[in-house]
file final_37.cif (mmCIF, C-alpha atoms and all ligand atoms; chains and numbers go by the auth columns)
data_final
loop_
_atom_site.group_PDB
_atom_site.id
_atom_site.type_symbol
_atom_site.label_atom_id
_atom_site.label_comp_id
_atom_site.label_asym_id
_atom_site.label_seq_id
_atom_site.Cartn_x
_atom_site.Cartn_y
_atom_site.Cartn_z
_atom_site.B_iso_or_equiv
_atom_site.auth_seq_id
_atom_site.auth_asym_id
ATOM 1 C CA MET A 1 99.228 136.665 194.795 0.00 261 J
ATOM 2 C CA SER A 2 95.960 136.009 196.582 0.00 262 J
ATOM 3 C CA LEU A 3 95.818 135.129 200.244 0.00 263 J
ATOM 4 C CA ARG A 4 93.723 132.856 202.391 0.00 264 J
ATOM 5 C CA ALA A 5 92.457 134.530 205.555 0.00 265 J
ATOM 6 C CA PRO A 6 93.622 135.268 208.184 0.00 266 J
ATOM 7 C CA HIS A 7 96.258 137.785 207.180 0.00 267 J
ATOM 8 C CA ASN A 8 97.158 140.319 209.860 0.00 268 J
ATOM 9 C CA VAL A 9 99.495 143.156 209.100 0.00 269 J
ATOM 10 C CA VAL A 10 100.146 145.002 212.339 0.00 270 J
ATOM 11 C CA LEU A 11 102.235 148.189 212.397 0.00 271 J
ATOM 12 C CA LEU A 12 104.255 149.175 215.418 0.00 272 J
ATOM 13 C CA LEU A 13 104.972 152.896 215.132 0.00 273 J
ATOM 14 C CA GLY A 14 106.960 154.987 217.585 0.00 274 J
ATOM 15 C CA ALA A 15 110.171 156.986 217.714 0.00 275 J
ATOM 16 C CA PRO A 16 113.598 155.369 217.920 0.00 276 J
ATOM 17 C CA GLY A 17 113.946 154.367 221.582 0.00 277 J
ATOM 18 C CA SER A 18 110.211 154.061 222.212 0.00 278 J
ATOM 19 C CA GLY A 19 110.618 150.326 222.918 0.00 279 J
ATOM 20 C CA LYS A 20 109.349 148.927 219.603 0.00 280 J
ATOM 21 C CA GLY A 21 111.999 146.208 219.342 0.00 281 J
ATOM 22 C CA THR A 22 111.491 144.984 222.911 0.00 282 J
ATOM 23 C CA GLN A 23 107.724 144.805 222.592 0.00 283 J
ATOM 24 C CA ALA A 24 107.680 143.503 219.025 0.00 284 J
ATOM 25 C CA ARG A 25 109.175 140.143 219.979 0.00 285 J
ATOM 26 C CA PHE A 26 106.401 139.497 222.451 0.00 286 J
ATOM 27 C CA LEU A 27 103.638 140.737 220.130 0.00 287 J
ATOM 28 C CA SER A 28 104.866 138.631 217.250 0.00 288 J
ATOM 29 C CA GLU A 29 104.679 135.519 219.450 0.00 289 J
ATOM 30 C CA LEU A 30 101.241 136.473 220.720 0.00 290 J
ATOM 31 C CA LEU A 31 99.880 136.907 217.200 0.00 291 J
ATOM 32 C CA GLY A 32 101.842 134.087 215.589 0.00 292 J
ATOM 33 C CA ILE A 33 103.243 136.334 212.875 0.00 293 J
ATOM 34 C CA PRO A 34 106.905 137.176 212.157 0.00 294 J
ATOM 35 C CA HIS A 35 108.550 140.290 213.548 0.00 295 J
ATOM 36 C CA VAL A 36 109.817 142.271 210.567 0.00 296 J
ATOM 37 C CA SER A 37 112.150 145.105 211.567 0.00 297 J
ATOM 38 C CA SER A 38 113.306 147.271 208.663 0.00 298 J
ATOM 39 C CA GLY A 39 116.324 148.425 210.718 0.00 299 J
ATOM 40 C CA ASP A 40 117.371 144.823 211.477 0.00 300 J
ATOM 41 C CA ILE A 41 117.062 143.816 207.814 0.00 301 J
ATOM 42 C CA LEU A 42 119.141 146.813 206.742 0.00 302 J
ATOM 43 C CA ARG A 43 121.803 146.013 209.361 0.00 303 J
ATOM 44 C CA GLU A 44 121.930 142.420 208.053 0.00 304 J
ATOM 45 C CA HIS A 45 122.469 143.722 204.515 0.00 305 J
ATOM 46 C CA ARG A 46 125.283 145.909 205.822 0.00 306 J
ATOM 47 C CA ALA A 47 126.876 143.028 207.691 0.00 307 J
ATOM 48 C CA HIS A 48 126.795 140.916 204.520 0.00 308 J
ATOM 49 C CA GLY A 49 128.053 143.778 202.334 0.00 309 J
ATOM 50 C CA THR A 50 125.175 143.529 199.854 0.00 310 J
ATOM 51 C CA LYS A 51 124.457 146.285 197.312 0.00 311 J
ATOM 52 C CA LEU A 52 121.506 147.457 199.416 0.00 312 J
ATOM 53 C CA GLY A 53 123.679 147.427 202.547 0.00 313 J
ATOM 54 C CA ARG A 54 126.320 149.569 200.843 0.00 314 J
ATOM 55 C CA LEU A 55 123.708 152.009 199.529 0.00 315 J
ATOM 56 C CA ALA A 56 122.044 152.309 202.957 0.00 316 J
ATOM 57 C CA GLN A 57 125.225 152.717 204.995 0.00 317 J
ATOM 58 C CA ALA A 58 125.811 156.481 204.751 0.00 318 J
ATOM 59 C CA TYR A 59 122.149 157.312 205.446 0.00 319 J
ATOM 60 C CA MET A 60 122.072 155.082 208.517 0.00 320 J
ATOM 61 C CA ASP A 61 125.336 156.417 209.938 0.00 321 J
ATOM 62 C CA ARG A 62 124.027 159.985 209.693 0.00 322 J
ATOM 63 C CA GLY A 63 120.688 159.056 211.256 0.00 323 J
ATOM 64 C CA ASP A 64 118.852 159.845 208.005 0.00 324 J
ATOM 65 C CA LEU A 65 116.193 157.710 206.379 0.00 325 J
ATOM 66 C CA VAL A 66 117.210 155.314 203.628 0.00 326 J
ATOM 67 C CA PRO A 67 115.379 156.294 200.377 0.00 327 J
ATOM 68 C CA ASP A 68 111.787 155.050 200.177 0.00 328 J
ATOM 69 C CA SER A 69 112.250 153.067 196.960 0.00 329 J
ATOM 70 C CA LEU A 70 114.972 150.874 198.517 0.00 330 J
ATOM 71 C CA VAL A 71 113.115 150.209 201.753 0.00 331 J
ATOM 72 C CA VAL A 72 109.754 149.571 200.119 0.00 332 J
ATOM 73 C CA GLU A 73 111.208 146.954 197.786 0.00 333 J
ATOM 74 C CA MET A 74 112.973 145.298 200.711 0.00 334 J
ATOM 75 C CA ILE A 75 109.758 145.044 202.761 0.00 335 J
ATOM 76 C CA VAL A 76 107.641 143.879 199.811 0.00 336 J
ATOM 77 C CA ASP A 77 110.159 141.060 199.256 0.00 337 J
ATOM 78 C CA ARG A 78 110.034 140.180 202.948 0.00 338 J
ATOM 79 C CA LEU A 79 106.212 140.034 202.972 0.00 339 J
ATOM 80 C CA ALA A 80 106.312 137.560 200.086 0.00 340 J
ATOM 81 C CA LYS A 81 108.290 135.010 202.149 0.00 341 J
ATOM 82 C CA PRO A 82 106.376 131.885 203.221 0.00 342 J
ATOM 83 C CA ASP A 83 106.576 132.634 206.965 0.00 343 J
ATOM 84 C CA ALA A 84 104.594 135.846 206.347 0.00 344 J
ATOM 85 C CA CYS A 85 101.640 133.971 204.838 0.00 345 J
ATOM 86 C CA HIS A 86 99.510 134.891 207.883 0.00 346 J
ATOM 87 C CA GLY A 87 100.805 138.466 207.958 0.00 347 J
ATOM 88 C CA ALA A 88 103.580 140.263 209.787 0.00 348 J
ATOM 89 C CA LEU A 89 104.309 142.666 212.570 0.00 349 J
ATOM 90 C CA LEU A 90 106.152 145.585 210.990 0.00 350 J
ATOM 91 C CA ASP A 91 108.563 147.488 213.245 0.00 351 J
ATOM 92 C CA GLY A 92 110.207 150.645 211.884 0.00 352 J
ATOM 93 C CA PHE A 93 108.198 150.589 208.654 0.00 353 J
ATOM 94 C CA PRO A 94 106.473 152.655 207.300 0.00 354 J
ATOM 95 C CA ARG A 95 108.469 155.723 208.328 0.00 355 J
ATOM 96 C CA THR A 96 107.120 158.124 205.684 0.00 356 J
ATOM 97 C CA VAL A 97 103.654 158.673 204.242 0.00 357 J
ATOM 98 C CA ALA A 98 104.995 157.547 200.837 0.00 358 J
ATOM 99 C CA GLN A 99 106.057 154.219 202.422 0.00 359 J
ATOM 100 C CA ALA A 100 102.640 153.886 204.072 0.00 360 J
ATOM 101 C CA GLU A 101 100.904 154.418 200.727 0.00 361 J
ATOM 102 C CA ALA A 102 103.207 151.976 198.948 0.00 362 J
ATOM 103 C CA LEU A 103 102.538 149.366 201.642 0.00 363 J
ATOM 104 C CA GLU A 104 98.787 149.811 201.361 0.00 364 J
ATOM 105 C CA ALA A 105 98.929 149.512 197.553 0.00 365 J
ATOM 106 C CA GLN A 106 100.957 146.310 197.850 0.00 366 J
ATOM 107 C CA LEU A 107 98.622 144.824 200.464 0.00 367 J
ATOM 108 C CA ALA A 108 95.605 145.670 198.268 0.00 368 J
ATOM 109 C CA LEU A 109 97.249 143.687 195.444 0.00 369 J
ATOM 110 C CA MET A 110 97.582 140.787 197.894 0.00 370 J
ATOM 111 C CA GLY A 111 93.905 141.092 198.912 0.00 371 J
ATOM 112 C CA SER A 112 94.903 142.322 202.364 0.00 372 J
ATOM 113 C CA GLN A 113 95.150 145.532 204.354 0.00 373 J
ATOM 114 C CA VAL A 114 96.652 146.963 207.527 0.00 374 J
ATOM 115 C CA SER A 115 94.766 145.364 210.446 0.00 375 J
ATOM 116 C CA CYS A 116 95.946 147.484 213.326 0.00 376 J
ATOM 117 C CA VAL A 117 98.397 150.331 213.991 0.00 377 J
ATOM 118 C CA LEU A 118 99.995 150.745 217.411 0.00 378 J
ATOM 119 C CA ASP A 119 101.758 153.974 218.283 0.00 379 J
ATOM 120 C CA LEU A 120 104.159 153.824 221.230 0.00 380 J
ATOM 121 C CA GLU A 121 104.385 157.319 222.662 0.00 381 J
ATOM 122 C CA VAL A 122 107.394 158.408 224.723 0.00 382 J
ATOM 123 C CA PRO A 123 108.526 161.987 225.583 0.00 383 J
ATOM 124 C CA GLU A 124 111.418 163.238 223.458 0.00 384 J
ATOM 125 C CA ALA A 125 113.906 163.734 226.340 0.00 385 J
ATOM 126 C CA VAL A 126 113.348 160.147 227.493 0.00 386 J
ATOM 127 C CA LEU A 127 114.074 158.786 223.996 0.00 387 J
ATOM 128 C CA VAL A 128 117.570 160.279 223.937 0.00 388 J
ATOM 129 C CA GLU A 129 118.390 158.872 227.402 0.00 389 J
ATOM 130 C CA ARG A 130 117.104 155.435 226.439 0.00 390 J
ATOM 131 C CA LEU A 131 119.022 155.217 223.163 0.00 391 J
ATOM 132 C CA ALA A 132 122.288 156.558 224.504 0.00 392 J
ATOM 133 C CA GLY A 133 122.324 153.822 227.211 0.00 393 J
ATOM 134 C CA ARG A 134 121.165 150.972 224.999 0.00 394 J
ATOM 135 C CA TRP A 135 123.080 147.705 224.572 0.00 395 J
ATOM 136 C CA ILE A 136 121.993 145.026 222.093 0.00 396 J
ATOM 137 C CA CYS A 137 122.841 141.341 221.833 0.00 397 J
ATOM 138 C CA ARG A 138 124.802 140.590 218.670 0.00 398 J
ATOM 139 C CA ALA A 139 123.321 137.094 218.498 0.00 399 J
ATOM 140 C CA CYS A 140 119.605 137.409 219.351 0.00 400 J
ATOM 141 C CA GLN A 141 119.045 141.219 219.216 0.00 401 J
ATOM 142 C CA THR A 142 117.602 141.404 222.752 0.00 402 J
ATOM 143 C CA SER A 143 117.966 144.990 223.904 0.00 403 J
ATOM 144 C CA TYR A 144 119.010 146.227 227.356 0.00 404 J
ATOM 145 C CA HIS A 145 119.545 149.578 229.027 0.00 405 J
ATOM 146 C CA GLU A 146 122.558 150.067 231.267 0.00 406 J
ATOM 147 C CA THR A 147 120.408 151.772 233.937 0.00 407 J
ATOM 148 C CA PHE A 148 116.733 150.985 233.307 0.00 408 J
ATOM 149 C CA ASN A 149 116.948 147.373 232.123 0.00 409 J
ATOM 150 C CA PRO A 150 120.456 145.911 232.613 0.00 410 J
ATOM 151 C CA SER A 151 121.300 142.379 231.516 0.00 411 J
ATOM 152 C CA PRO A 152 121.377 139.980 234.492 0.00 412 J
ATOM 153 C CA ARG A 153 124.667 138.659 233.030 0.00 413 J
ATOM 154 C CA GLY A 154 126.551 141.953 232.848 0.00 414 J
ATOM 155 C CA SER A 155 128.163 142.390 229.442 0.00 415 J
ATOM 156 C CA LEU A 156 126.537 139.203 228.116 0.00 416 J
ATOM 157 C CA CYS A 157 122.949 138.678 226.976 0.00 417 J
ATOM 158 C CA GLY A 158 120.609 137.369 229.688 0.00 418 J
ATOM 159 C CA GLU A 159 118.683 135.365 227.036 0.00 419 J
ATOM 160 C CA CYS A 160 121.424 133.627 225.074 0.00 420 J
ATOM 161 C CA GLY A 161 124.801 134.639 226.540 0.00 421 J
ATOM 162 C CA GLY A 162 125.736 136.550 223.352 0.00 422 J
ATOM 163 C CA GLU A 163 127.985 139.613 223.365 0.00 423 J
ATOM 164 C CA LEU A 164 126.299 142.976 223.954 0.00 424 J
ATOM 165 C CA TYR A 165 127.246 145.966 221.771 0.00 425 J
ATOM 166 C CA GLN A 166 126.217 149.592 221.299 0.00 426 J
ATOM 167 C CA ARG A 167 124.875 150.552 217.883 0.00 427 J
ATOM 168 C CA GLU A 168 126.938 153.126 215.925 0.00 428 J
ATOM 169 C CA ASP A 169 123.839 155.262 215.448 0.00 429 J
ATOM 170 C CA ASP A 170 123.071 155.247 219.194 0.00 430 J
ATOM 171 C CA ARG A 171 125.803 157.872 219.702 0.00 431 J
ATOM 172 C CA ARG A 172 124.260 160.949 221.328 0.00 432 J
ATOM 173 C CA GLU A 173 124.682 163.281 218.334 0.00 433 J
ATOM 174 C CA VAL A 174 123.179 160.749 215.895 0.00 434 J
ATOM 175 C CA VAL A 175 120.366 159.926 218.337 0.00 435 J
ATOM 176 C CA ALA A 176 119.241 163.559 218.423 0.00 436 J
ATOM 177 C CA LYS A 177 119.166 163.574 214.605 0.00 437 J
ATOM 178 C CA ARG A 178 117.151 160.328 214.473 0.00 438 J
ATOM 179 C CA VAL A 179 114.562 161.727 216.852 0.00 439 J
ATOM 180 C CA GLN A 180 114.258 164.892 214.716 0.00 440 J
ATOM 181 C CA VAL A 181 113.882 162.786 211.556 0.00 441 J
ATOM 182 C CA PHE A 182 111.134 160.858 213.325 0.00 442 J
ATOM 183 C CA LEU A 183 109.288 164.059 214.242 0.00 443 J
ATOM 184 C CA THR A 184 109.415 165.483 210.716 0.00 444 J
ATOM 185 C CA SER A 185 109.014 162.346 208.556 0.00 445 J
ATOM 186 C CA THR A 186 107.245 159.745 210.687 0.00 446 J
ATOM 187 C CA GLN A 187 104.836 161.821 212.778 0.00 447 J
ATOM 188 C CA PRO A 188 102.798 162.439 209.578 0.00 448 J
ATOM 189 C CA VAL A 189 102.438 158.625 209.292 0.00 449 J
ATOM 190 C CA VAL A 190 100.860 158.581 212.768 0.00 450 J
ATOM 191 C CA GLN A 191 98.471 161.305 211.591 0.00 451 J
ATOM 192 C CA HIS A 192 97.763 159.349 208.381 0.00 452 J
ATOM 193 C CA TYR A 193 96.531 156.330 210.357 0.00 453 J
ATOM 194 C CA ARG A 194 94.761 158.408 212.997 0.00 454 J
ATOM 195 C CA GLN A 195 92.635 159.912 210.206 0.00 455 J
ATOM 196 C CA ARG A 196 91.772 156.402 209.010 0.00 456 J
ATOM 197 C CA GLY A 197 90.606 155.436 212.528 0.00 457 J
ATOM 198 C CA VAL A 198 92.955 152.425 212.863 0.00 458 J
ATOM 199 C CA LEU A 199 95.446 153.937 215.310 0.00 459 J
ATOM 200 C CA THR A 200 95.773 152.891 218.953 0.00 460 J
ATOM 201 C CA ARG A 201 97.989 155.108 221.095 0.00 461 J
ATOM 202 C CA ILE A 202 99.966 153.363 223.814 0.00 462 J
ATOM 203 C CA ASN A 203 101.858 155.189 226.546 0.00 463 J
ATOM 204 C CA GLY A 204 105.387 153.815 226.174 0.00 464 J
ATOM 205 C CA HIS A 205 106.746 155.722 229.161 0.00 465 J
ATOM 206 C CA HIS A 206 105.807 152.980 231.624 0.00 466 J
ATOM 207 C CA PRO A 207 107.622 149.842 232.822 0.00 467 J
ATOM 208 C CA ILE A 208 108.093 147.200 230.110 0.00 468 J
ATOM 209 C CA ALA A 209 105.497 144.838 231.635 0.00 469 J
ATOM 210 C CA GLU A 210 102.825 147.561 231.752 0.00 470 J
ATOM 211 C CA VAL A 211 103.423 148.553 228.134 0.00 471 J
ATOM 212 C CA ARG A 212 103.249 144.888 227.201 0.00 472 J
ATOM 213 C CA ALA A 213 99.883 144.535 228.948 0.00 473 J
ATOM 214 C CA ALA A 214 98.509 147.606 227.156 0.00 474 J
ATOM 215 C CA LEU A 215 99.693 146.301 223.769 0.00 475 J
ATOM 216 C CA SER A 216 98.310 142.885 224.513 0.00 476 J
ATOM 217 C CA ALA A 217 94.891 144.391 225.301 0.00 477 J
ATOM 218 C CA ALA A 218 95.000 146.453 222.089 0.00 478 J
ATOM 219 C CA VAL A 219 95.624 143.423 219.854 0.00 479 J
ATOM 220 C CA GLN A 220 93.371 141.028 221.787 0.00 480 J
ATOM 221 C CA PRO A 221 90.584 141.096 219.167 0.00 481 J
ATOM 222 C CA LEU A 222 93.128 140.177 216.468 0.00 482 J
ATOM 223 C CA ALA A 223 94.666 137.390 218.558 0.00 483 J
ATOM 224 C CA VAL A 224 91.257 135.832 219.170 0.00 484 J
ATOM 225 C CA VAL A 225 90.158 136.050 215.521 0.00 485 J
ATOM 226 C CA GLU A 226 93.560 134.807 214.388 0.00 486 J
ATOM 227 C CA LEU A 227 93.448 131.690 216.547 0.00 487 J
ATOM 228 C CA ARG A 228 89.814 130.895 215.681 0.00 488 J
ATOM 229 C CA GLU A 229 90.330 131.302 211.934 0.00 489 J
ATOM 230 C CA ARG A 230 93.533 129.283 211.955 0.00 490 J
ATOM 231 C CA ALA A 231 91.700 126.493 213.740 0.00 491 J
ATOM 232 C CA LEU A 232 88.943 126.605 211.105 0.00 492 J
ATOM 233 C CA THR A 233 91.494 126.627 208.272 0.00 493 J
ATOM 234 C CA ALA A 234 93.239 123.618 209.783 0.00 494 J
ATOM 235 C CA ALA A 235 89.979 121.678 210.338 0.00 495 J
HETATM 236 P P1 LIG B . 115.922 151.333 213.416 0.00 501 D
HETATM 237 O O1 LIG B . 116.683 150.120 213.809 0.00 501 D
HETATM 238 O O2 LIG B . 114.488 151.063 213.114 0.00 501 D
HETATM 239 O O3 LIG B . 116.113 152.488 214.377 0.00 501 D
HETATM 240 O O4 LIG B . 116.570 151.815 212.013 0.00 501 D
HETATM 241 C C1 LIG B . 117.938 152.151 211.913 0.00 501 D
HETATM 242 C C2 LIG B . 118.162 153.004 210.662 0.00 501 D
HETATM 243 O O5 LIG B . 117.795 152.251 209.504 0.00 501 D
HETATM 244 C C3 LIG B . 117.329 154.270 210.588 0.00 501 D
HETATM 245 O O6 LIG B . 117.909 155.353 211.294 0.00 501 D
HETATM 246 C C4 LIG B . 117.318 154.504 209.067 0.00 501 D
HETATM 247 O O7 LIG B . 118.550 155.025 208.620 0.00 501 D
HETATM 248 C C5 LIG B . 117.181 153.093 208.530 0.00 501 D
HETATM 249 N N1 LIG B . 115.749 152.685 208.380 0.00 501 D
HETATM 250 C C6 LIG B . 115.096 151.727 209.086 0.00 501 D
HETATM 251 N N2 LIG B . 113.821 151.618 208.690 0.00 501 D
HETATM 252 C C7 LIG B . 113.647 152.553 207.721 0.00 501 D
HETATM 253 C C8 LIG B . 112.554 152.966 206.927 0.00 501 D
HETATM 254 N N3 LIG B . 111.330 152.391 207.067 0.00 501 D
HETATM 255 N N4 LIG B . 112.743 153.960 206.045 0.00 501 D
HETATM 256 C C9 LIG B . 113.949 154.538 205.876 0.00 501 D
HETATM 257 N N5 LIG B . 115.029 154.225 206.600 0.00 501 D
HETATM 258 C C10 LIG B . 114.890 153.231 207.521 0.00 501 D
#
call {"tool": "encode", "arguments": {"input": "final_37.cif", "output": "structure tokens", "more": "lines below"}}
Ligand code: AMP
result
Amino acid sequence: MSLRAPHNVVLLLGAPGSGKGTQARFLSELLGIPHVSSGDILREHRAHGTKLGRLAQAYMDRGDLVPDSLVVEMIVDRLAKPDACHGALLDGFPRTVAQAEALEAQLALMGSQVSCVLDLEVPEAVLVERLAGRWICRACQTSYHETFNPSPRGSLCGECGGELYQREDDRREVVAKRVQVFLTSTQPVVQHYRQRGVLTRINGHHPIAEVRAALSAAVQPLAVVELRERALTAA
């Protein structure tokens, strides 16, 4: 498949609990590209009882990574969907260097490449606290924290009124495992992109609005180019 410019593939890296999901919604709107969360897609497969969902289940419950081959195929399929014709904001993918290399190979086939990599940095102890107090809306996936960012509607979502729930893998013992898996498998991905000079580090241990402003500044060049090129394409 060959693509017409612009095609922005933006990666949002960061440990579980670093705030990727919260910030991704805003960034995806800013850039006009879909938010593609590998964790959300896997949870959907589980909810629908698909073959992929059944294969992924045990890995997810333990806090381990789902095998690369399964996740890569899932993301490649997602990038081929029409709404990703201008690119995508990837959240939670790639999580291993092998996934990063597979993504780059696929993008090269599509005549594209990774435009920008954002790494949300948060101290390890903070991650565990954040995840263990996290509540997510079943309907719209908005995420809250019982202490740091409670829903204005108590046990209902402040955005859509949906029911809030705690993820199975946000139990304290699984959280610690997920953070360790991040440090061993995903930190090398951060290094991979740092060496290529496309990585922007963002301090994620600040209030949500400040992190948002820092991310917004980091992607500003892309947002400007994106809007200008889309206008030219439409003209
Ligand atoms: P997340 O919602 O991003 O925290 O992902 C939840 C779980 O889904 C992870 O703990 C993994 O088991 C699995 N998962 C999500 N993305 C990936 C990925 N890129 N590679 C392997 N496993 C993944």
call {"tool": "closest_atom_pairs", "arguments": {"input": "final_37.cif", "of": "segment 261-367 of chain J", "to": "segment 451-460 of chain J", "cutoff": "10 Å", "atoms": "only C-alpha atoms", "output": "JSON lines"}}
result
{"residue": "J:Leu271", "atom": "CA", "partner": "J:Leu459", "partner_atom": "CA", "distance": 9.4}
{"residue": "J:Leu272", "atom": "CA", "partner": "J:Thr460", "partner_atom": "CA", "distance": 9.9}
{"residue": "J:Leu273", "atom": "CA", "partner": "J:Leu459", "partner_atom": "CA", "distance": 9.6}
{"residue": "J:Thr356", "atom": "CA", "partner": "J:His452", "partner_atom": "CA", "distance": 9.8}
{"residue": "J:Val357", "atom": "CA", "partner": "J:His452", "partner_atom": "CA", "distance": 7.2}
{"residue": "J:Ala360", "atom": "CA", "partner": "J:His452", "partner_atom": "CA", "distance": 8.5}
{"residue": "J:Glu361", "atom": "CA", "partner": "J:His452", "partner_atom": "CA", "distance": 9.6}
call {"tool": "atom_distance", "arguments": {"input": "final_37.cif", "atom1": "atom CA of Gly299 of chain J", "atom2": "atom CA of Ala473 of chain J"}}
result
24.9 Å
call {"tool": "resolve_selection", "arguments": {"input": "final_37.cif", "expression": "the PyMOL selection byres (((chain J and resi 475-480) around 10) and not hetatm)", "output": "PDB file with C-alpha atoms, keeping the file's coordinate frame"}}
result
ATOM      1  CA  VAL J 270     100.146 145.002 212.339  1.00  0.00           C
ATOM      2  CA  LEU J 272     104.255 149.175 215.418  1.00  0.00           C
ATOM      3  CA  GLN J 283     107.724 144.805 222.592  1.00  0.00           C
ATOM      4  CA  ALA J 284     107.680 143.503 219.025  1.00  0.00           C
ATOM      5  CA  PHE J 286     106.401 139.497 222.451  1.00  0.00           C
ATOM      6  CA  LEU J 287     103.638 140.737 220.130  1.00  0.00           C
ATOM      7  CA  LEU J 290     101.241 136.473 220.720  1.00  0.00           C
ATOM      8  CA  LEU J 291      99.880 136.907 217.200  1.00  0.00           C
ATOM      9  CA  SER J 375      94.766 145.364 210.446  1.00  0.00           C
ATOM     10  CA  CYS J 376      95.946 147.484 213.326  1.00  0.00           C
ATOM     11  CA  VAL J 377      98.397 150.331 213.991  1.00  0.00           C
ATOM     12  CA  LEU J 378      99.995 150.745 217.411  1.00  0.00           C
ATOM     13  CA  ASP J 379     101.758 153.974 218.283  1.00  0.00           C
ATOM     14  CA  LEU J 380     104.159 153.824 221.230  1.00  0.00           C
ATOM     15  CA  THR J 460      95.773 152.891 218.953  1.00  0.00           C
ATOM     16  CA  ARG J 461      97.989 155.108 221.095  1.00  0.00           C
ATOM     17  CA  ILE J 462      99.966 153.363 223.814  1.00  0.00           C
ATOM     18  CA  ASN J 463     101.858 155.189 226.546  1.00  0.00           C
ATOM     19  CA  GLY J 464     105.387 153.815 226.174  1.00  0.00           C
ATOM     20  CA  ALA J 469     105.497 144.838 231.635  1.00  0.00           C
ATOM     21  CA  GLU J 470     102.825 147.561 231.752  1.00  0.00           C
ATOM     22  CA  VAL J 471     103.423 148.553 228.134  1.00  0.00           C
ATOM     23  CA  ARG J 472     103.249 144.888 227.201  1.00  0.00           C
ATOM     24  CA  ALA J 473      99.883 144.535 228.948  1.00  0.00           C
ATOM     25  CA  ALA J 474      98.509 147.606 227.156  1.00  0.00           C
ATOM     26  CA  PRO J 481      90.584 141.096 219.167  1.00  0.00           C
ATOM     27  CA  LEU J 482      93.128 140.177 216.468  1.00  0.00           C
ATOM     28  CA  ALA J 483      94.666 137.390 218.558  1.00  0.00           C
ATOM     29  CA  VAL J 484      91.257 135.832 219.170  1.00  0.00           C
ATOM     30  CA  VAL J 485      90.158 136.050 215.521  1.00  0.00           C
ATOM     31  CA  GLU J 486      93.560 134.807 214.388  1.00  0.00           C
TER      32      GLU J 486
END
call {"tool": "closest_residue", "arguments": {"input": "final_37.cif", "among": "J:Lys280, J:His308, J:His346, J:Arg338", "to": "Gly292 of chain J", "atoms": "only C-alpha atoms"}}
result
J:His346
call {"tool": "residues_near_ligand", "arguments": {"input": "final_37.cif", "ligand": "ligand LIG 501 (chain D)", "cutoff": "8 Å", "atoms": "only C-alpha atoms and all ligand atoms", "output": "PDB file with C-alpha atoms, in the frame of the given file"}}
result
ATOM      1  CA  PRO J 276     113.598 155.369 217.920  1.00  0.00           C
ATOM      2  CA  GLY J 277     113.946 154.367 221.582  1.00  0.00           C
ATOM      3  CA  SER J 297     112.150 145.105 211.567  1.00  0.00           C
ATOM      4  CA  SER J 298     113.306 147.271 208.663  1.00  0.00           C
ATOM      5  CA  GLY J 299     116.324 148.425 210.718  1.00  0.00           C
ATOM      6  CA  ASP J 300     117.371 144.823 211.477  1.00  0.00           C
ATOM      7  CA  LEU J 302     119.141 146.813 206.742  1.00  0.00           C
ATOM      8  CA  ARG J 303     121.803 146.013 209.361  1.00  0.00           C
ATOM      9  CA  ALA J 316     122.044 152.309 202.957  1.00  0.00           C
ATOM     10  CA  GLN J 317     125.225 152.717 204.995  1.00  0.00           C
ATOM     11  CA  TYR J 319     122.149 157.312 205.446  1.00  0.00           C
ATOM     12  CA  MET J 320     122.072 155.082 208.517  1.00  0.00           C
ATOM     13  CA  ASP J 321     125.336 156.417 209.938  1.00  0.00           C
ATOM     14  CA  ARG J 322     124.027 159.985 209.693  1.00  0.00           C
ATOM     15  CA  GLY J 323     120.688 159.056 211.256  1.00  0.00           C
ATOM     16  CA  ASP J 324     118.852 159.845 208.005  1.00  0.00           C
ATOM     17  CA  LEU J 325     116.193 157.710 206.379  1.00  0.00           C
ATOM     18  CA  VAL J 326     117.210 155.314 203.628  1.00  0.00           C
ATOM     19  CA  PRO J 327     115.379 156.294 200.377  1.00  0.00           C
ATOM     20  CA  ASP J 328     111.787 155.050 200.177  1.00  0.00           C
ATOM     21  CA  VAL J 331     113.115 150.209 201.753  1.00  0.00           C
ATOM     22  CA  VAL J 332     109.754 149.571 200.119  1.00  0.00           C
ATOM     23  CA  ASP J 351     108.563 147.488 213.245  1.00  0.00           C
ATOM     24  CA  GLY J 352     110.207 150.645 211.884  1.00  0.00           C
ATOM     25  CA  PHE J 353     108.198 150.589 208.654  1.00  0.00           C
ATOM     26  CA  PRO J 354     106.473 152.655 207.300  1.00  0.00           C
ATOM     27  CA  ARG J 355     108.469 155.723 208.328  1.00  0.00           C
ATOM     28  CA  THR J 356     107.120 158.124 205.684  1.00  0.00           C
ATOM     29  CA  GLN J 359     106.057 154.219 202.422  1.00  0.00           C
ATOM     30  CA  ASP J 429     123.839 155.262 215.448  1.00  0.00           C
ATOM     31  CA  ARG J 438     117.151 160.328 214.473  1.00  0.00           C
TER      32      ARG J 438
END
call {"tool": "axis_aligned_box", "arguments": {"input": "final_37.cif", "around": "segment 396-402 of chain J", "padding_each_side": "3 Å", "output": "JSON"}}
result
{"center_x": 121.2, "center_y": 141.1, "center_z": 220.6, "size_x": 13.2, "size_y": 13.9, "size_z": 10.3}
call {"tool": "atom_distance", "arguments": {"input": "final_37.cif", "atom1": "atom CA of Glu419 of chain J", "atom2": "atom CA of Gln401 of chain J"}}
result
9.8 Å
call {"tool": "closest_residue", "arguments": {"input": "final_37.cif", "among": "J:Pro383, J:Pro342, J:Gly309, J:Pro412", "to": "His465 of chain J", "atoms": "only C-alpha atoms"}}
result
J:Pro383
call {"tool": "resolve_selection", "arguments": {"input": "final_37.cif", "expression": "the PyMOL selection byres (((chain J and resi 387-392) around 8) and not hetatm)", "output": "list in words"}}
result
Ala275, Pro276, Gly277, Ser278, Val382, Pro383, Glu384, Ala385, Val386, Gly393, Arg394, His405, Asp430, Arg431, Arg432, Val435, Ala436 and Val439 of chain J
